[in-house]
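To start, the structure under review is shown below, and the notes come after it.
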Amino acid sequence: MKCVQIAGPKRLEVTNIKPPVEHDGYVICELKKTGICGSDLHYFVSGEPKGLVMGHEICATVINPGSRKDLKKGDRITALPISPCGKCPQCKNNEPEVCPHTWDLGLGLSLNTPGGYAELTSIRPDMVIKVPNNLTDAEVALVEPTAVSLRAVHRAGIEIGDHVLIIGGGIIGQIAGMFAKKAGATYVAISEANPGRGKKAVRLGSADEYFDALDPAWAVNVNKNNPYGYDKVIDCCGNSATLSSALVACKPQGTVVLVGISMEPVSIPDIVLAMHEINVKGAAAYTVEEFKQVIQMMAEKKIDMLKYIDDIVPLDGVQKACERLTSGTDDAIKILIDPSK
Ligand SMILES: NC(=O)c1ccc[n+]([C@@H]2O[C@H](COP(=O)([O-])OP(=O)(O)OC[C@H]3O[C@@H](n4cnc5c(N)ncnc54)[C@H](O)[C@@H]3O)[C@@H](O)[C@H]2O)c1
Ligand SMILES: [Zn+2]
Ligand SMILES: [Zn+2]
């Protein structure tokens with residue numbers, strides 16, 4: 001079957017590999033749409049691990065339901081791309097997102113579990129979720145990143161009237177802005193280094209205002225409406241610069257949620273964190289409940305996600321799409337792959 005594999009730093013290769021075979025009750029399915037995620041872009045840039053077939057944001061149809069007797073050929077599904085152990089205290093507490101093994105065999109995140117940048121994939125049966133008929137394939141592929149943003153907003157504990165700063169206006173930041181407003185924030189600002197993405201966040205209604213992260217006057221500008229700092233800051237980029245900005249922009253005893261991930265350790269102004277008694281929280285993926293909530297919100301048309309999609313490309317177009325998404329200047333934030341094209 002045709003797929004896309006990591007070949008080196010910023011280099012992907014369209015190749016042919018053996019299709020998945022029946023094993024351990026896994027569900028074998030045919031991909032309809034797969035999202036290119038910001039996390040995939042870290043792998044794309046680093047070129048590691050070589051040979052990885054990425055893709056954890058999927059819409060697919062069942063070919064072989066494996067051990068899932070409730071599924072049949074042709075059913076449309078998505079999946080939580082995680083591999084919780086089911087035995088640890090976190091799993092027993094229904095919080096698989098913080099199980100120590102949850103990323104060991106993540107779909108499209110491990111060489112042993114090739115993902116959705118391919119014509120076919122196989123998925124751990126208990127992670128597969130059948131989706132309602134009134135969702136388009138593209139919406140289904142957006143469930144996973146939307147659930148990440150929902151989790152971030154839940155972790156922030158937004159209250160009615162809050163002023164919220166989102167740092168990083170990629171798809172995760174833009175959807176987090178949308179959910180922050182739904183949660184009652186009366187002012188949402190986005191800080192972005194890419195002006196195209198910043199302006200787009202305001203145009204799509206994800207933020208009330210955009211601030212240029214690279215402007216030397218950023219620290220003054222960003223707090224012009226909040227002389228005492230933001231109630232909640234959500235870092236959807238995740239490097240030393242953005243986490244430092246988050247701590248500086250937050251009000252004393254406010255909350256900073258870290259969603260963005262860096263491949264390197266980050267350094268922060270710990271004096272600000274300590275002396276302003278800032279609550280710093282992580283946000284890991286989503287709970288099963290949050291994942292299902294997103295599907296329900298989409299089915300009930302409570303959220304409009306299709307406006308965030310910039311392009312849909314075939315497997316041969318993934319290299320170019322990843323270059324666009326890492327250019328720092330292109331305003332595209334979400335590109336889907338159609339592996340059948
Ligand atoms: N915690 C989790 O479970 C989880 C899940 C999914 C994604 N992520 C991470 O969340 C992050 C965001 O994902 P995405 O898909 O939106 O990625 P993305 O790369 O598209 O978005 C990051 C944005 O940050 C902007 N940026 C860069 N430097 C900046 C700066 N100094 N100030 C402000 N903005 C800056 C970039 O221009 C870009 O628009 C990634 O690091 C991804 O790995 C975490
Ligand atoms: Zn993702
Ligand atoms: Zn566990």
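By convention in this document, the chains of the structure tokens carry letters A, B, ... by their order, each chain's residues are numbered from 1, and ligands are numbered from 1 in the order they are shown.
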
Which residues, written as a ChimeraX atom specification, have at least one atom at most 10 Å from region 255-268 of chain A, with only C-alpha atoms counted and residues fewer than 2 positions away on the same chain left out?
/A:38-39,42-43,46,148-149,151-158,164-168,172-173,230-247,249-253,270-273,277-285

Mind the document's chain letters and residue numbers, and return as an MDAnalysis selection string the residues of region 4-41 of chain A that DSSP labels strand (DSSP E or B).
chainID A and resid 4:8 11:16 27:35

Contacts of His56 (chain A) at 9 Å or less, counting only C-alpha atoms, minus same-chain residues fewer than 5 places along, as a PyMOL selection string?
chain A and resi 34-37+40+79-82+106-109+115-117+141+144

Please identify all protein, DNA and RNA residues within 9 Å of ligand 3, counting only C-alpha atoms and all ligand atoms, and report them as a PDB file with C-alpha atoms, in the first residue's frame.
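Output below, filename out.pdb:
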```
ATOM      1  CA  SER A  83      -2.085   3.157  24.150  1.00  0.00           C
ATOM      2  CA  PRO A  84      -3.029   3.340  27.847  1.00  0.00           C
ATOM      3  CA  CYS A  85      -2.077   0.270  29.925  1.00  0.00           C
ATOM      4  CA  GLY A  86      -5.489  -0.084  31.585  1.00  0.00           C
ATOM      5  CA  LYS A  87      -3.873  -1.113  34.903  1.00  0.00           C
ATOM      6  CA  CYS A  88      -2.174   1.944  36.437  1.00  0.00           C
ATOM      7  CA  PRO A  89      -3.925   4.266  38.934  1.00  0.00           C
ATOM      8  CA  GLN A  90      -4.488   6.882  36.208  1.00  0.00           C
ATOM      9  CA  CYS A  91      -6.153   4.369  33.876  1.00  0.00           C
ATOM     10  CA  LYS A  92      -8.261   3.019  36.747  1.00  0.00           C
ATOM     11  CA  GLU A  95      -7.615   9.349  32.984  1.00  0.00           C
ATOM     12  CA  PRO A  96      -5.729   7.425  30.286  1.00  0.00           C
ATOM     13  CA  GLU A  97      -4.214  10.656  28.965  1.00  0.00           C
ATOM     14  CA  VAL A  98      -1.729  10.628  31.863  1.00  0.00           C
ATOM     15  CA  CYS A  99      -1.000   6.883  31.846  1.00  0.00           C
ATOM     16  CA  PRO A 100       2.803   6.455  31.622  1.00  0.00           C
ATOM     17  CA  HIS A 101       2.284   4.155  28.618  1.00  0.00           C
ATOM     18  CA  THR A 102      -0.227   6.246  26.730  1.00  0.00           C
TER      19      THR A 102
END
```

For CA of Pro65 (chain A) and CA of Lys32 (chain A), determine how far apart the two atoms are, in Å to one decimal place.
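Answer for the CA of Pro65 (chain A) to CA of Lys32 (chain A) separation: 16.4 Å.
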
Best match for closeness to ligand 2 among A:Leu336, A:Ala207, A:Ala201, A:Met275, counting only C-alpha atoms and all ligand atoms:
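The answer is A:Leu336, which sits nearest to ligand 2.
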
Out of region 92-280 of chain A, which residues get alpha helix (DSSP H) from DSSP, as a PyMOL selection string?
chain A and resi 92+137-141+143-156+171-182+195-203+218-222+240-249+270-275

Excluding same-chain residues fewer than 2 positions from Asp126 (chain A), what lies within 8 Å of it counting only C-alpha atoms, as a list of chain:residue names?
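Non-adjacent residues within range: A:Arg68, A:Arg124, A:Val128.
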
Now that the selection is made, can you save its residues with N, CA and C atoms as a JSON list (two decimals), in the first residue's frame?
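Everything below was put into selection.json:
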```
[["chain", "number", "residue", "atom", "x", "y", "z"],
["A", 68, "ARG", "N", -13.77, -6.13, 17.41],
["A", 68, "ARG", "CA", -14.91, -5.25, 17.69],
["A", 68, "ARG", "C", -16.16, -5.79, 16.99],
["A", 124, "ARG", "N", -5.77, -0.16, 17.62],
["A", 124, "ARG", "CA", -6.12, -0.91, 18.82],
["A", 124, "ARG", "C", -7.64, -0.86, 19.00],
["A", 128, "VAL", "N", -11.10, 2.60, 19.10],
["A", 128, "VAL", "CA", -11.89, 2.98, 17.91],
["A", 128, "VAL", "C", -13.27, 3.48, 18.32]]
```

Point out the residue among A:Leu306, A:Leu315, A:Val294, A:Ala219 with the least atom-to-atom distance to ligand 1, counting only C-alpha atoms and all ligand atoms.
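Ranked by minimum distance to ligand 1, first place goes to A:Ala219.
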
Restricting the calculation to only C-alpha atoms: of A:Ala274, A:Leu105, A:Leu120, A:Leu71, which residue gets closest to Asn16 (chain A)?
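Once distances to Asn16 (chain A) are computed over only C-alpha atoms, the minimum belongs to A:Leu120.
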
Within 9 Å of Ser191 (chain A) using only C-alpha atoms, minus same-chain residues under 2 positions, as a PyMOL selection string
chain A and resi 165-169+189+193+198+209-213+218+222

Choose the residue, out of A:Lys341, A:Glu289, A:Ala332, A:Gly177, that has the smallest atom-to-atom separation from Asn94 (chain A); count only C-alpha atoms.
A:Glu289

Using only C-alpha atoms, which of A:Val45, A:Ala217, A:Ile28, A:Met127 sits nearest Lys292 (chain A)?
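When distances to Lys292 (chain A) are compared using only C-alpha atoms, the smallest one comes from A:Met127.
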
Work out how far CA of Leu142 (chain A) is from atom 5 (C, counted along the ligand's line) of ligand 1, in Å to one decimal.
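One can read the atom 5 (C, counted along the ligand's line) of ligand 1 to CA of Leu142 (chain A) distance as 12.5 Å.
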
Report, in Å with one decimal, the straight-line distance from CA of Ser122 (chain A) to CA of Tyr286 (chain A).
21.4 Å

Which of these, A:Glu119, A:Asp104, A:Asp24, A:Glu192, has the shortest distance to Met1 (chain A) once you count only C-alpha atoms?
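Nearest to Met1 (chain A): A:Glu119.
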